[in-house]
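Below is target_36.cif, holding mmCIF, C-alpha atoms.
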data_data
#
loop_
_atom_site.label_atom_id
_atom_site.label_comp_id
_atom_site.auth_asym_id
_atom_site.auth_seq_id
_atom_site.Cartn_x
_atom_site.Cartn_y
_atom_site.Cartn_z
CA MET I 1 0.00 0.00 0.00
CA ASN I 2 1.11 3.58 -0.63
CA ILE I 3 2.40 5.64 2.26
CA GLY I 4 -0.47 8.08 1.71
CA TRP I 5 -3.00 5.49 2.84
CA TYR I 6 -1.27 5.08 6.17
CA LEU I 7 -1.16 8.84 6.63
CA THR I 8 -4.90 9.03 5.90
CA VAL I 9 -5.69 6.39 8.51
CA SER I 10 -3.47 8.25 10.96
CA ALA I 11 -5.28 11.54 10.29
CA ILE I 12 -8.69 9.89 10.81
CA ILE I 13 -7.64 8.35 14.12
CA PHE I 14 -6.17 11.66 15.25
CA ALA I 15 -9.43 13.47 14.46
CA ILE I 16 -11.49 10.86 16.33
CA GLY I 17 -9.21 11.23 19.36
CA ALA I 18 -9.57 15.01 19.21
CA ALA I 19 -13.36 14.66 19.10
CA GLY I 20 -13.27 12.49 22.22
CA ILE I 21 -11.07 14.94 24.13
CA LEU I 22 -13.39 17.83 23.26
CA THR I 23 -16.63 16.11 24.20
CA LYS I 24 -15.89 13.72 27.05
CA ARG I 25 -16.22 14.62 30.73
CA ASN I 26 -14.70 11.54 32.30
CA PRO I 27 -10.93 12.13 32.76
CA LEU I 28 -10.27 8.43 32.22
CA VAL I 29 -11.86 8.54 28.78
CA ILE I 30 -10.02 11.78 28.03
CA LEU I 31 -6.75 9.97 28.75
CA LEU I 32 -7.83 7.12 26.47
CA CYS I 33 -8.51 9.60 23.67
CA LEU I 34 -5.09 11.15 24.30
CA GLU I 35 -3.64 7.68 23.73
CA LEU I 36 -5.52 7.55 20.42
CA MET I 37 -3.95 10.82 19.30
CA LEU I 38 -0.45 9.76 20.36
CA ASN I 39 -0.84 6.48 18.50
CA ALA I 40 -2.02 8.27 15.39
CA ALA I 41 1.13 10.38 15.56
CA ASN I 42 3.16 7.19 16.01
CA LEU I 43 1.62 5.68 12.89
CA SER I 44 2.56 8.81 10.94
CA LEU I 45 6.12 8.71 12.26
CA ILE I 46 6.55 5.07 11.30
CA SER I 47 5.04 5.70 7.86
CA PHE I 48 7.52 8.48 7.25
CA SER I 49 10.31 6.27 8.56
CA ARG I 50 9.31 3.66 5.98
CA MET I 51 9.07 6.36 3.33
CA TRP I 52 12.66 7.45 3.89
CA GLY I 53 13.89 3.93 4.43
CA ASN I 54 15.84 4.69 7.60
CA GLY I 55 15.11 4.08 11.27
CA ASP I 56 15.03 7.66 12.58
CA GLY I 57 11.25 7.87 12.65
CA GLN I 58 11.05 4.63 14.59
CA ILE I 59 13.32 6.02 17.30
CA PHE I 60 11.03 9.05 17.46
CA ALA I 61 8.06 6.69 17.83
CA ILE I 62 9.76 4.83 20.70
CA ILE I 63 10.39 8.13 22.51
CA VAL I 64 6.72 9.03 21.98
CA MET I 65 5.77 5.70 23.56
CA VAL I 66 7.95 6.50 26.59
CA VAL I 67 6.37 9.93 26.97
CA ALA I 68 2.90 8.38 26.60
CA ALA I 69 3.65 5.87 29.33
CA CYS I 70 4.81 8.66 31.67
CA GLU I 71 1.71 10.70 30.87
CA VAL I 72 -0.55 7.73 31.60
CA VAL I 73 1.13 7.04 34.93
CA ILE I 74 0.85 10.64 36.10
CA GLY I 75 -2.67 11.09 34.74
CA LEU I 76 -3.99 7.94 36.36
CA GLY I 77 -2.19 8.86 39.59
CA LEU I 78 -4.01 12.20 39.57
CA ILE I 79 -7.35 10.50 38.95
CA VAL I 80 -6.77 8.07 41.81
CA ALA I 81 -5.79 10.98 44.08
CA ILE I 82 -8.93 12.91 43.08
CA HIS I 83 -11.10 9.87 43.70
CA ARG I 84 -9.51 9.25 47.09
CA ARG I 85 -10.27 12.79 48.22
CA GLY I 86 -13.94 12.04 47.63
CA LEU I 87 -14.34 14.41 44.71
CA ARG I 88 -16.40 13.48 41.68
CA VAL I 89 -14.16 12.35 38.83
CA ASP I 90 -15.56 14.79 36.30
CA ALA I 91 -13.45 17.12 34.19
CA ASP I 92 -16.19 19.78 34.10
CA GLU I 93 -16.53 19.96 37.87
CA LEU I 94 -12.83 20.00 38.67
CA ARG I 95 -12.23 23.66 38.03
CA GLU I 96 -10.21 24.57 41.09
CA LEU I 97 -6.83 22.96 41.48
CA ALA I 98 -5.98 24.60 44.79
CA GLY I 99 -5.71 22.30 47.79
CA MET T 100 -2.37 -9.71 0.14
CA SER T 101 -0.84 -6.75 1.93
CA ALA T 102 -3.71 -4.58 0.72
CA VAL T 103 -6.26 -6.93 2.29
CA VAL T 104 -4.37 -6.96 5.60
CA PHE T 105 -4.04 -3.18 5.44
CA PHE T 106 -7.76 -2.62 5.00
CA ILE T 107 -8.75 -5.09 7.70
CA ALA T 108 -6.23 -3.64 10.16
CA SER T 109 -7.05 -0.01 9.40
CA LEU T 110 -10.79 -0.61 9.61
CA GLY T 111 -10.22 -2.36 12.93
CA ALA T 112 -8.10 0.53 14.17
CA ILE T 113 -10.69 3.13 13.17
CA ALA T 114 -13.52 1.04 14.63
CA GLY T 115 -11.59 0.71 17.89
CA ALA T 116 -11.02 4.47 17.97
CA ILE T 117 -14.72 5.14 17.41
CA GLY T 118 -15.49 2.61 20.13
CA VAL T 119 -13.28 4.46 22.60
CA VAL T 120 -15.15 7.70 21.92
CA MET T 121 -18.66 6.27 21.70
CA LEU T 122 -18.84 3.65 24.44
CA ARG T 123 -20.28 4.95 27.67
CA ASN T 124 -18.62 2.51 30.04
CA PRO T 125 -14.89 3.33 30.42
CA PHE T 126 -14.13 -0.37 30.85
CA TYR T 127 -15.42 -1.18 27.38
CA GLY T 128 -13.55 1.87 26.15
CA VAL T 129 -10.32 0.37 27.46
CA LEU T 130 -11.11 -2.93 25.72
CA ALA T 131 -11.81 -1.06 22.46
CA LEU T 132 -8.46 0.68 22.84
CA VAL T 133 -6.73 -2.69 23.23
CA GLY T 134 -8.28 -3.84 19.94
CA HIS T 135 -7.25 -0.56 18.33
CA LEU T 136 -3.65 -1.00 19.51
CA LEU T 137 -3.47 -4.57 18.21
CA CYS T 138 -4.70 -3.41 14.79
CA LEU T 139 -2.11 -0.62 14.84
CA ALA T 140 0.57 -3.21 15.59
CA ALA T 141 -0.53 -5.05 12.43
CA LEU T 142 -0.14 -1.79 10.49
CA PHE T 143 3.35 -1.36 11.96
CA LEU T 144 4.21 -4.86 10.75
CA LEU T 145 3.04 -3.92 7.25
CA LEU T 146 5.41 -0.96 7.44
CA ASN T 147 8.29 -3.35 8.25
CA ALA T 148 8.64 -2.00 11.81
CA GLU T 149 8.80 -5.39 13.52
CA PHE T 150 10.41 -4.26 16.75
CA LEU T 151 7.91 -1.44 17.21
CA ALA T 152 4.99 -3.76 16.50
CA ALA T 153 6.23 -6.13 19.18
CA SER T 154 6.81 -3.35 21.70
CA GLN T 155 3.40 -1.90 20.87
CA VAL T 156 1.75 -5.18 21.81
CA ILE T 157 3.88 -5.79 24.90
CA ILE T 158 4.10 -2.27 26.33
CA TYR T 159 0.85 -0.68 25.22
CA ALA T 160 -1.66 -3.48 24.87
CA GLY T 161 0.01 -5.29 27.74
CA ALA T 162 1.39 -3.03 30.44
CA VAL T 163 -0.29 0.35 29.95
CA MET T 164 -3.75 -1.11 29.39
CA VAL T 165 -3.46 -3.26 32.51
CA LEU T 166 -2.85 -0.02 34.43
CA TYR T 167 -5.99 1.45 32.86
CA VAL T 168 -8.05 -1.61 33.73
CA PHE T 169 -6.89 -1.45 37.36
CA VAL T 170 -7.75 2.23 37.68
CA VAL T 171 -11.15 1.78 36.00
CA ALA T 172 -11.88 -1.06 38.41
CA TYR T 173 -10.72 1.08 41.34
CA ILE T 174 -12.72 4.18 40.41
CA GLY T 175 -15.75 1.98 39.83
CA GLY T 176 -18.99 2.46 38.03
CA GLU T 177 -20.20 5.80 39.31
CA SER T 178 -18.22 7.66 36.68
CA ALA T 179 -19.64 5.45 33.94
CA SER T 180 -22.83 7.45 33.61
CA LEU T 181 -21.01 10.62 32.67
CA GLY T 182 -22.10 11.58 29.20
CA ALA T 183 -20.74 14.18 26.86
CA SER T 184 -20.14 17.79 27.79
CA PRO T 185 -23.21 19.95 27.49
CA GLY T 186 -23.53 23.24 25.71
CA LEU T 187 -21.36 25.03 23.21
CA LEU T 188 -18.55 22.49 23.08
CA ARG T 189 -20.91 19.74 22.00
CA ILE T 190 -22.23 21.79 19.10
CA ALA T 191 -18.82 23.10 18.11
CA THR T 192 -17.00 19.75 18.17
CA PRO T 193 -18.08 18.24 14.80
CA PRO T 194 -17.04 21.25 12.70
CA ILE T 195 -13.77 21.55 14.64
CA VAL T 196 -12.99 17.88 14.08
CA VAL T 197 -13.89 17.93 10.38
CA LEU T 198 -11.71 21.02 9.91
CA LEU T 199 -8.87 19.29 11.76
CA LEU T 200 -9.19 16.19 9.57
CA VAL T 201 -9.23 18.21 6.34
CA GLU T 202 -6.26 20.23 7.50
CA LEU T 203 -4.28 17.11 8.41
CA LEU T 204 -5.05 15.51 5.04
CA ILE T 205 -3.98 18.69 3.25
CA THR T 206 -0.72 18.90 5.17
CA THR T 207 0.18 15.27 4.55
CA LEU T 208 -1.32 14.20 1.22
CA GLY T 209 -1.14 17.68 -0.28
CA SER T 210 2.43 18.28 0.79
CA GLY T 211 3.80 17.49 -2.67
CA LEU T 212 6.22 14.89 -1.33
CA LYS T 213 6.58 12.49 -4.27
CA ALA T 214 7.38 9.51 -2.06
CA ILE T 215 3.90 9.60 -0.48
CA GLY T 216 2.50 7.94 -3.59
CA THR T 217 5.05 5.11 -3.44
CA HIS T 218 5.59 2.11 -1.23
CA GLY T 219 8.61 3.80 0.33
CA ALA T 220 12.31 3.76 -0.32
CA LYS T 221 14.37 0.61 -0.69
CA ILE T 222 15.12 -0.64 2.78
CA PRO T 223 18.10 -2.56 4.11
CA ALA T 224 17.60 -6.16 5.17
CA ASP T 225 17.79 -5.31 8.88
CA TYR T 226 15.24 -2.49 8.67
CA GLY T 227 13.12 -2.27 11.81
CA SER T 228 14.96 -5.09 13.53
CA PRO T 229 16.00 -4.85 17.19
CA ALA T 230 19.62 -4.70 16.02
CA GLN T 231 19.03 -1.57 13.94
CA ILE T 232 16.91 0.14 16.59
CA GLY T 233 19.41 -0.69 19.30
CA GLU T 234 22.33 0.59 17.29
CA LEU T 235 20.54 3.86 16.54
CA LEU T 236 19.49 4.29 20.17
CA LEU T 237 23.00 3.76 21.49
CA THR T 238 24.86 5.80 18.89
CA THR T 239 23.05 8.60 17.10
CA TYR T 240 20.18 8.95 19.56
CA LEU T 241 21.98 8.26 22.83
CA PHE T 242 21.01 11.61 24.32
CA PRO T 243 17.22 11.24 23.79
CA PHE T 244 17.56 7.70 25.14
CA GLU T 245 19.10 8.96 28.38
CA ILE T 246 16.57 11.77 28.66
CA ALA T 247 13.79 9.19 28.26
CA SER T 248 15.22 7.12 31.10
CA ILE T 249 15.30 10.17 33.39
CA LEU T 250 11.74 11.01 32.35
CA LEU T 251 10.58 7.51 33.27
CA LEU T 252 12.28 7.78 36.65
CA VAL T 253 10.66 11.15 37.35
CA ALA T 254 7.25 9.80 36.30
CA ALA T 255 7.61 6.74 38.54
CA VAL T 256 8.58 8.87 41.55
CA GLY T 257 5.77 11.31 40.80
CA ALA T 258 3.20 8.52 40.54
CA VAL T 259 4.28 7.09 43.89
CA GLY T 260 4.01 10.55 45.42
CA LEU T 261 0.54 11.11 43.96
CA ALA T 262 -0.93 7.74 44.83
CA ARG T 263 0.69 7.49 48.26
CA ARG T 264 -1.70 6.64 51.03
CA LYS T 265 -1.32 9.49 53.48
CA ALA T 266 -3.73 8.05 56.02
CA GLY T 267 -4.66 4.50 56.99
CA PHE T 268 -6.85 2.05 55.17
CA GLY T 269 -10.21 3.30 56.40
CA PRO T 270 -11.98 5.79 58.62
CA ASP T 271 -11.18 3.80 61.78
CA ASP T 272 -7.60 3.17 60.84
CA LYS T 273 -4.82 5.25 62.28
CA PRO T 274 -2.31 6.84 59.92
CA PHE T 275 1.16 5.42 59.80
CA ASP T 276 3.21 6.87 62.60
CA ALA T 277 6.32 6.08 64.59
CA ALA T 278 4.54 3.45 66.69
CA THR T 279 3.43 1.51 63.59
CA LEU T 280 6.91 1.63 62.17
CA ALA T 281 8.44 0.57 65.51
CA ALA T 282 6.34 -2.61 65.44
CA ALA T 283 8.61 -3.86 62.69
CA PRO T 284 8.60 -7.50 61.55
CA PRO T 285 11.00 -9.79 63.42
CA LYS T 286 14.59 -9.98 62.34
CA GLY T 287 15.31 -12.39 59.55
CA SER T 288 12.06 -11.60 57.74
CA GLY T 289 12.45 -11.75 54.03
CA THR T 290 15.71 -13.67 54.11
CA MET T 291 16.29 -16.79 52.06
CA ALA T 292 16.61 -18.81 55.27
CA GLU T 293 13.11 -17.82 56.30
CA GLY T 294 11.83 -18.68 52.85
CA ALA T 295 13.33 -22.16 53.26
CA GLY T 296 11.41 -22.45 56.51
CA ASP T 297 14.49 -23.05 58.59
CA ARG T 298 13.87 -21.13 61.76
CA ALA T 299 17.06 -22.36 63.39
CA ILE T 300 19.18 -20.78 60.71
CA VAL T 301 17.24 -17.53 61.02
CA GLY T 302 17.83 -17.61 64.75
CA ALA T 303 21.51 -18.28 64.22
CA ILE T 304 21.79 -15.34 61.82
CA THR T 305 19.97 -12.86 63.97
CA GLY T 306 21.16 -14.14 67.34
CA ASP T 307 17.52 -14.62 68.24
CA GLY T 308 16.65 -18.09 69.50
CA ARG T 309 13.16 -18.43 67.98
#
Using structure tokens, write down the structure that the file contains.
Amino acid sequence: MNIGWYLTVSAIIFAIGAAGILTKRNPLVILLCLELMLNAANLSLISFSRMWGNGDGQIFAIIVMVVAACEVVIGLGLIVAIHRRGLRVDADELRELAG
Amino acid sequence: MSAVVFFIASLGAIAGAIGVVMLRNPFYGVLALVGHLLCLAALFLLLNAEFLAASQVIIYAGAVMVLYVFVVAYIGGESASLGASPGLLRIATPPIVVLLLVELLITTLGSGLKAIGTHGAKIPADYGSPAQIGELLLTTYLFPFEIASILLLVAAVGAVGLARRKAGFGPDDKPFDAATLAAAPPKGSGTMAEGAGDRAIVGAITGDGR
């Protein structure tokens, strides 16, 4: 298949992830949609890596995976901390970060 | 053959993505994301990125998603009923997303790069293998590699700090204090001798005749 097809799929997945982030209220689902967007970017990076025929894009994709893992750990830690304080896990209600 | 696999995998990936956004229950959303990630791994294989496909399955679909499942199970079902945001954002989202998609397609497909219409450049035999990735990571990209390791360490420490239990296990439970810590397990706990069940040896090590 041509590289363009992979880039199209990547763009569609990215747009779906963006739609989820804009509309969802549950922080867990927002994190899931963030994963979608990061993976779409990964697919693009690997497509371009294949296009050029060298491994640079794949290294970039691995670093993106590392950053995504860190983001997940911190995000889920925050959600657990919010839940433990007895607050509702709802992105629209959590407006004040103080205390 | 590769075209058939491509269409099946990309349709699966898009369906999984839609499932993540549409499904109400976050648990099913996580499962949809696992399917999406597996389909993406198939796409990576089609792009000759074998090592990345394997790490996608092991790290993402394995480790990261297990973390999600645990947190969804911990938070429980009361957040499941949360629907979409009300108001302006809900109305404005479809045009924003369509614009974003069109813009992305213009920037990639309309970029004028001639290689986009091809199957890619000729690749060496070891393309995408662990050997090639490892060599690149430890030579050209050593600095990002080290930065990534520090980032992981910082994230691990931060997660422990965030999720730390500052009080006890329930309303009646006392927080950890000096008295709790002073009631430490007996000496020899966690040693190999204790694991072997040989109390005499433990006693001999610790000078404690139990």
Output of the PyMOL selection byres ((chain T) within 7 of (chain I)), listed as a ChimeraX atom specification: /T:102,109,113,116-117,120,125,146,163,170,174,178,181-184,188-189,192,196,199-200,203-204,207-208,214-222,227,232,247,251,254,257-258,261-262
Among listed residues T:Ile205, T:Val171, T:Pro223, T:Ser228, nearest T:Ala153 (using only C-alpha atoms): T:Ser228
Output the residue selection produced by the PyMOL selection byres ((chain T and resi 126) around 8) on the file above, formatted as a PyMOL selection string. chain T and resi 124-125+127-130+168+171-172
Could you dump the residues just selected with C-alpha atoms as a CSV table (one decimal), in the frame of the given file?
chain,number,residue,atom,x,y,z
T,124,ASN,CA,-18.6,2.5,30.0
T,125,PRO,CA,-14.9,3.3,30.4
T,127,TYR,CA,-15.4,-1.2,27.4
T,128,GLY,CA,-13.6,1.9,26.2
T,129,VAL,CA,-10.3,0.4,27.5
T,130,LEU,CA,-11.1,-2.9,25.7
T,168,VAL,CA,-8.0,-1.6,33.7
T,171,VAL,CA,-11.2,1.8,36.0
T,172,ALA,CA,-11.9,-1.1,38.4
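The closest residue to T:Tyr159, picked from T:Asn147, T:Gly118, T:Gly175, T:Leu136 and counting only C-alpha atoms, is T:Leu136.
One finds atom CA of I:Leu34 at 15.0 Å from atom CA of T:Ala112.
Interatomic distance, atom CA of I:Leu94 against atom CA of T:Tyr173: 19.2 Å.
For the pair atom CA of T:Leu137 and atom CA of T:Ser154, the separation is 10.9 Å.
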Just the residues within 9 Å of T:Ala114, please, counting only C-alpha atoms, with nothing from its chain fewer than 6 positions along; format it as a list in words. Ala131, Gly134 and His135 of chain T
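Each of T:Ala191, T:Val256, T:Cys138, T:Leu110 was checked against T:Ala160 using only C-alpha atoms; the smallest atom-to-atom distance is that of T:Cys138.
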Selecting N, CA and C atoms, how would stretch 55-73 of chain I from this structure be written as a compact mmCIF listing (two decimals), in the first residue's frame?
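What ended up in selection_22.txt:
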# COMPACT_ATOMS: atom_id res chain seq x y z
N GLY I 55 15.79 4.38 10.01
CA GLY I 55 15.11 4.08 11.27
C GLY I 55 14.84 5.28 12.15
N ASP I 56 15.12 6.50 11.68
CA ASP I 56 15.03 7.66 12.58
C ASP I 56 13.61 7.84 13.11
N GLY I 57 12.63 7.69 12.22
CA GLY I 57 11.25 7.87 12.65
C GLY I 57 10.84 6.85 13.69
N GLN I 58 11.40 5.66 13.61
CA GLN I 58 11.05 4.63 14.59
C GLN I 58 11.58 4.98 15.97
N ILE I 59 12.79 5.59 16.01
CA ILE I 59 13.32 6.02 17.30
C ILE I 59 12.40 7.08 17.89
N PHE I 60 11.96 8.01 17.03
CA PHE I 60 11.03 9.05 17.46
C PHE I 60 9.77 8.40 18.05
N ALA I 61 9.28 7.36 17.36
CA ALA I 61 8.06 6.69 17.83
C ALA I 61 8.29 6.03 19.20
N ILE I 62 9.48 5.46 19.40
CA ILE I 62 9.76 4.83 20.70
C ILE I 62 9.76 5.89 21.80
N ILE I 63 10.37 7.07 21.50
CA ILE I 63 10.39 8.13 22.51
C ILE I 63 8.96 8.59 22.81
N VAL I 64 8.13 8.66 21.75
CA VAL I 64 6.72 9.03 21.98
C VAL I 64 6.04 8.02 22.89
N MET I 65 6.35 6.73 22.69
CA MET I 65 5.77 5.70 23.56
C MET I 65 6.19 5.92 25.01
N VAL I 66 7.46 6.26 25.23
CA VAL I 66 7.95 6.50 26.59
C VAL I 66 7.19 7.66 27.22
N VAL I 67 7.07 8.76 26.45
CA VAL I 67 6.37 9.93 26.97
C VAL I 67 4.91 9.59 27.26
N ALA I 68 4.30 8.77 26.38
CA ALA I 68 2.90 8.38 26.60
C ALA I 68 2.76 7.56 27.88
N ALA I 69 3.72 6.67 28.11
CA ALA I 69 3.65 5.87 29.33
C ALA I 69 3.75 6.75 30.56
N CYS I 70 4.67 7.74 30.54
CA CYS I 70 4.81 8.66 31.67
C CYS I 70 3.52 9.43 31.89
N GLU I 71 2.93 9.91 30.78
CA GLU I 71 1.71 10.70 30.87
C GLU I 71 0.57 9.87 31.47
N VAL I 72 0.49 8.61 31.07
CA VAL I 72 -0.55 7.73 31.60
C VAL I 72 -0.37 7.55 33.10
N VAL I 73 0.88 7.30 33.51
CA VAL I 73 1.13 7.04 34.93
C VAL I 73 0.74 8.25 35.77
